[in-house]
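Participant: My structure is below; once you've seen it, I'll send some questions.
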Amino acid sequence: MATIYYEKDGDIGRLKGKTVGIMGYGSQGHAHALNLMDSGVSVIVGLPQTSKSRAKAEAAGVKVDLPANVAKQADVIMVLVPDMAAPRLYKEAIEPHLNSRKTLMFAHGFNIHYKEIVPPSNVNVSMIAPKGPGHRVREVFVGGSGVPSLVAIHQDASGQALQNALAYAAGIGALRAGVVRTTFKEETETDLFGEQAVLCGGTSALVKAGFDTLVKAGYQPEIAYFEVLHELKLIVDLMYEGGLRYMRDSISDTAEYGDYTRGPRIVDQHVKDSMQQILKEIQDGTFARQWIAESAEGQHHFKDLRRQETALQVEEVGAELRQMMSFLKKK
């Protein structure tokens, strides 16, 4: 069974008199910074002079400085920039200012696990990873609750790395919901697998295949969109609220029977074998090396794929149909 920590397990007093430096002010960065400030923690955000986020942070009352200055001043440094931007930020702005009195933190284990960042051995290295986007982390904190999160310790130089990480978790509200103990390896590999095989890659491919199948069979694209994409939210929301059983209790008997008898024909042994191969490529570093190389070369292939996917018929039809849906937030 997993080890789960709650409010009784974390002492935010450990951050008293200390400064937390948040590198980045994007989705997670703004939530961590504002939640910590509301918890009475001294926070400073590290952003380049040219960053568009500087004005947002300053407007919210957040102290902002250049990343190198933040790394020099901060006792705790939380890295919340994109994976591919982190190694350079670390090398140029953070590493020169690390010492045994500082803690280096992350919300994702990619760069530590694949050794793109290798901190000195006398520095605590830990992770607090909320299992939700930054706007949700902020929203539920303001509402008095928190988002379940993960905690992991890569280096415990002081012997108190876990206690310090849980203090940070208390500051952002995570201990209100519960924080699950994991490792950098487990968090990284399961996170990448979930994104690629199910949440993003798998779901996107399934939607596109279903849409194409119906359209090629002569059905109207608009009807296909409703059936394989629009209604997906209903099903996912039911799963999110109560698991597979709750979803199946909420749909028709016809849909439930089709779920049991046809679903395994879609996700068959071939799909499971492909999932195993995807997991292997994550575990042995194949995916990480490919993505790192792609980024180093300017992300040309990645950007071509993005353009191709944006031009798909399902996207064009969806953009038109969403004009009918006044209840949606405009994207």
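Chain labels follow the order of the structure tokens: the first chain is A, the next B, and so on; residue numbering restarts at 1 in every chain, and ligands are counted from 1 in their shown order.
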For range 128-138 of chain A, find every residue with an atom within 9 Å (counting only C-alpha atoms), except residues of its own chain fewer than 6 positions away, and show them as a VMD selection string.

Facilitator: chain A and resid 26 to 32 34 to 35 105 to 109 146 to 152 165 to 166 168 to 169 172 to 174 179 187

Participant: Need to verify the contact set: Val41 in chain A, 10 Å, only C-alpha atoms, exclusion of same-chain residues closer than 5 positions in sequence. Can you return it as a VMD selection string?

Facilitator: chain A and resid 12 to 13 15 to 20 33 to 36 168 171 to 172

Participant: For the selection just defined, write its residues with all heavy atoms to a file, as a compact mmCIF listing (two decimals), in the first residue's frame.

Facilitator:
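Writing the result to out_11.txt gives the following:
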# COMPACT_ATOMS: atom_id res chain seq x y z
N ILE A 12 4.53 23.47 8.34
CA ILE A 12 4.90 24.61 7.50
C ILE A 12 5.85 25.56 8.23
O ILE A 12 6.53 26.39 7.61
CB ILE A 12 3.64 25.36 7.02
CG1 ILE A 12 3.98 26.28 5.84
CG2 ILE A 12 3.01 26.11 8.16
CD1 ILE A 12 2.79 26.90 5.19
N GLY A 13 5.94 25.40 9.54
CA GLY A 13 6.87 26.21 10.31
C GLY A 13 8.31 26.03 9.89
O GLY A 13 9.16 26.89 10.16
N LEU A 15 9.38 26.40 7.07
CA LEU A 15 9.67 27.41 6.06
C LEU A 15 9.74 28.81 6.66
O LEU A 15 10.02 29.78 5.94
CB LEU A 15 8.62 27.37 4.95
CG LEU A 15 8.56 26.08 4.12
CD1 LEU A 15 7.44 26.17 3.09
CD2 LEU A 15 9.89 25.81 3.44
N LYS A 16 9.50 28.92 7.94
CA LYS A 16 9.54 30.23 8.59
C LYS A 16 10.97 30.79 8.54
O LYS A 16 11.94 30.09 8.86
CB LYS A 16 9.08 30.12 10.04
CG LYS A 16 8.99 31.47 10.75
CD LYS A 16 8.45 31.32 12.16
CE LYS A 16 8.34 32.68 12.85
NZ LYS A 16 7.81 32.56 14.25
N GLY A 17 11.08 32.03 8.12
CA GLY A 17 12.40 32.66 8.03
C GLY A 17 13.18 32.27 6.81
O GLY A 17 14.33 32.70 6.63
N LYS A 18 12.59 31.45 5.95
CA LYS A 18 13.26 31.02 4.72
C LYS A 18 12.59 31.67 3.51
O LYS A 18 11.43 32.10 3.58
CB LYS A 18 13.23 29.50 4.59
CG LYS A 18 13.97 28.77 5.70
CD LYS A 18 14.00 27.28 5.45
CE LYS A 18 14.71 26.55 6.58
NZ LYS A 18 16.14 26.97 6.69
N THR A 19 13.32 31.72 2.42
CA THR A 19 12.79 32.26 1.17
C THR A 19 12.67 31.14 0.15
O THR A 19 13.61 30.37 -0.05
CB THR A 19 13.71 33.36 0.61
OG1 THR A 19 13.75 34.45 1.54
CG2 THR A 19 13.20 33.86 -0.74
N VAL A 20 11.49 31.04 -0.46
CA VAL A 20 11.27 30.04 -1.52
C VAL A 20 11.36 30.76 -2.86
O VAL A 20 10.64 31.73 -3.12
CB VAL A 20 9.89 29.37 -1.37
CG1 VAL A 20 9.63 28.44 -2.57
CG2 VAL A 20 9.82 28.59 -0.07
N ALA A 33 3.41 29.90 -6.19
CA ALA A 33 3.83 31.18 -5.62
C ALA A 33 2.71 31.82 -4.80
O ALA A 33 2.92 32.23 -3.64
CB ALA A 33 4.27 32.13 -6.73
N LEU A 34 1.51 31.89 -5.36
CA LEU A 34 0.40 32.55 -4.67
C LEU A 34 -0.06 31.76 -3.46
O LEU A 34 -0.38 32.34 -2.40
CB LEU A 34 -0.75 32.78 -5.65
CG LEU A 34 -0.45 33.74 -6.80
CD1 LEU A 34 -1.64 33.82 -7.76
CD2 LEU A 34 -0.10 35.14 -6.29
N ASN A 35 -0.11 30.44 -3.58
CA ASN A 35 -0.53 29.62 -2.43
C ASN A 35 0.46 29.74 -1.28
O ASN A 35 0.07 29.86 -0.11
CB ASN A 35 -0.67 28.15 -2.84
CG ASN A 35 -1.88 27.90 -3.73
OD1 ASN A 35 -2.54 28.83 -4.16
ND2 ASN A 35 -2.15 26.64 -4.03
N LEU A 36 1.75 29.70 -1.59
CA LEU A 36 2.77 29.83 -0.55
C LEU A 36 2.69 31.20 0.12
O LEU A 36 2.79 31.31 1.34
CB LEU A 36 4.16 29.62 -1.15
CG LEU A 36 4.53 28.17 -1.51
CD1 LEU A 36 5.76 28.14 -2.40
CD2 LEU A 36 4.75 27.33 -0.25
N TYR A 168 6.67 22.19 2.35
CA TYR A 168 6.32 22.87 1.10
C TYR A 168 4.92 22.42 0.65
O TYR A 168 4.11 23.24 0.22
CB TYR A 168 7.35 22.53 0.03
CG TYR A 168 7.16 23.26 -1.28
CD1 TYR A 168 7.91 24.39 -1.58
CD2 TYR A 168 6.24 22.81 -2.22
CE1 TYR A 168 7.73 25.07 -2.79
CE2 TYR A 168 6.05 23.48 -3.42
CZ TYR A 168 6.80 24.61 -3.70
OH TYR A 168 6.62 25.28 -4.89
N GLY A 171 2.38 24.22 2.41
CA GLY A 171 2.28 25.60 1.96
C GLY A 171 1.42 25.78 0.73
O GLY A 171 0.78 26.83 0.57
N ILE A 172 1.39 24.79 -0.16
CA ILE A 172 0.57 24.92 -1.37
C ILE A 172 -0.80 24.25 -1.20
O ILE A 172 -1.59 24.22 -2.14
CB ILE A 172 1.28 24.36 -2.62
CG1 ILE A 172 1.50 22.85 -2.53
CG2 ILE A 172 2.59 25.11 -2.88
CD1 ILE A 172 1.97 22.22 -3.84

Participant: When you look at Ala296 in chain A with a cut-off of 12 Å (counting only C-alpha atoms), what residues show up, excluding the ones that are within fewer than 5 positions of it in the same chain? I need them as a list of chain:residue names.

Facilitator: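 Listing them by chain and then by number gives A:Met84, A:Ala85, A:Pro87, A:Arg88, A:Arg289, A:Gln290, A:Trp291, A:His301, A:Phe302.
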
Participant: Got time to write the residues from that selection, all heavy atoms, as a JSON list (two decimals), in the first residue's frame?

Facilitator:
[["chain", "number", "residue", "atom", "x", "y", "z"],
["A", 84, "MET", "N", 12.38, 20.95, -21.18],
["A", 84, "MET", "CA", 13.51, 21.20, -22.06],
["A", 84, "MET", "C", 14.21, 22.53, -21.77],
["A", 84, "MET", "O", 15.32, 22.76, -22.22],
["A", 84, "MET", "CB", 13.07, 21.16, -23.53],
["A", 84, "MET", "CG", 12.62, 19.79, -24.01],
["A", 84, "MET", "SD", 13.87, 18.49, -23.84],
["A", 84, "MET", "CE", 13.39, 17.68, -22.31],
["A", 85, "ALA", "N", 13.56, 23.39, -21.00],
["A", 85, "ALA", "CA", 14.19, 24.66, -20.63],
["A", 85, "ALA", "C", 14.96, 24.54, -19.32],
["A", 85, "ALA", "O", 15.84, 25.36, -19.03],
["A", 85, "ALA", "CB", 13.13, 25.75, -20.51],
["A", 87, "PRO", "N", 17.31, 22.32, -17.98],
["A", 87, "PRO", "CA", 18.76, 22.10, -17.88],
["A", 87, "PRO", "C", 19.58, 23.37, -18.09],
["A", 87, "PRO", "O", 20.55, 23.61, -17.35],
["A", 87, "PRO", "CB", 19.02, 21.06, -18.98],
["A", 87, "PRO", "CG", 17.74, 20.32, -19.10],
["A", 87, "PRO", "CD", 16.68, 21.36, -18.92],
["A", 88, "ARG", "N", 19.22, 24.17, -19.07],
["A", 88, "ARG", "CA", 19.97, 25.41, -19.30],
["A", 88, "ARG", "C", 19.79, 26.38, -18.15],
["A", 88, "ARG", "O", 20.75, 27.01, -17.69],
["A", 88, "ARG", "CB", 19.53, 26.05, -20.61],
["A", 88, "ARG", "CG", 20.29, 27.33, -20.94],
["A", 88, "ARG", "CD", 19.88, 27.88, -22.29],
["A", 88, "ARG", "NE", 20.56, 29.13, -22.57],
["A", 88, "ARG", "CZ", 20.40, 29.85, -23.68],
["A", 88, "ARG", "NH1", 19.57, 29.42, -24.62],
["A", 88, "ARG", "NH2", 21.06, 30.98, -23.84],
["A", 289, "ARG", "N", 15.71, 10.43, -24.93],
["A", 289, "ARG", "CA", 16.79, 10.81, -25.86],
["A", 289, "ARG", "C", 16.22, 11.41, -27.14],
["A", 289, "ARG", "O", 16.75, 12.38, -27.68],
["A", 289, "ARG", "CB", 17.67, 9.60, -26.17],
["A", 289, "ARG", "CG", 18.54, 9.15, -25.00],
["A", 289, "ARG", "CD", 19.56, 8.11, -25.43],
["A", 289, "ARG", "NE", 18.94, 6.88, -25.87],
["A", 289, "ARG", "CZ", 18.62, 5.86, -25.06],
["A", 289, "ARG", "NH1", 18.86, 5.96, -23.75],
["A", 289, "ARG", "NH2", 18.07, 4.77, -25.53],
["A", 290, "GLN", "N", 15.13, 10.82, -27.64],
["A", 290, "GLN", "CA", 14.50, 11.32, -28.87],
["A", 290, "GLN", "C", 13.96, 12.72, -28.67],
["A", 290, "GLN", "O", 14.16, 13.61, -29.51],
["A", 290, "GLN", "CB", 13.38, 10.37, -29.28],
["A", 290, "GLN", "CG", 12.67, 10.78, -30.57],
["A", 290, "GLN", "CD", 11.54, 9.81, -30.93],
["A", 290, "GLN", "OE1", 11.42, 8.73, -30.35],
["A", 290, "GLN", "NE2", 10.71, 10.20, -31.88],
["A", 291, "TRP", "N", 13.28, 12.96, -27.55],
["A", 291, "TRP", "CA", 12.69, 14.27, -27.28],
["A", 291, "TRP", "C", 13.77, 15.32, -27.01],
["A", 291, "TRP", "O", 13.68, 16.46, -27.47],
["A", 291, "TRP", "CB", 11.73, 14.16, -26.11],
["A", 291, "TRP", "CG", 11.10, 15.43, -25.64],
["A", 291, "TRP", "CD1", 10.98, 15.85, -24.35],
["A", 291, "TRP", "CD2", 10.47, 16.45, -26.43],
["A", 291, "TRP", "NE1", 10.34, 17.05, -24.28],
["A", 291, "TRP", "CE2", 10.01, 17.45, -25.55],
["A", 291, "TRP", "CE3", 10.26, 16.63, -27.80],
["A", 291, "TRP", "CZ2", 9.36, 18.61, -25.98],
["A", 291, "TRP", "CZ3", 9.61, 17.78, -28.25],
["A", 291, "TRP", "CH2", 9.16, 18.74, -27.34],
["A", 301, "HIS", "N", 10.42, 18.74, -36.44],
["A", 301, "HIS", "CA", 9.48, 17.64, -36.66],
["A", 301, "HIS", "C", 8.26, 17.79, -35.75],
["A", 301, "HIS", "O", 7.11, 17.61, -36.19],
["A", 301, "HIS", "CB", 10.16, 16.30, -36.40],
["A", 301, "HIS", "CG", 9.28, 15.11, -36.57],
["A", 301, "HIS", "ND1", 8.60, 14.84, -37.74],
["A", 301, "HIS", "CD2", 8.94, 14.11, -35.71],
["A", 301, "HIS", "CE1", 7.88, 13.74, -37.61],
["A", 301, "HIS", "NE2", 8.07, 13.28, -36.38],
["A", 302, "PHE", "N", 8.51, 18.15, -34.50],
["A", 302, "PHE", "CA", 7.43, 18.37, -33.54],
["A", 302, "PHE", "C", 6.47, 19.44, -34.04],
["A", 302, "PHE", "O", 5.24, 19.29, -34.00],
["A", 302, "PHE", "CB", 8.05, 18.76, -32.20],
["A", 302, "PHE", "CG", 7.06, 19.25, -31.17],
["A", 302, "PHE", "CD1", 6.04, 18.43, -30.70],
["A", 302, "PHE", "CD2", 7.18, 20.53, -30.63],
["A", 302, "PHE", "CE1", 5.15, 18.89, -29.73],
["A", 302, "PHE", "CE2", 6.29, 20.98, -29.67],
["A", 302, "PHE", "CZ", 5.28, 20.16, -29.22]]
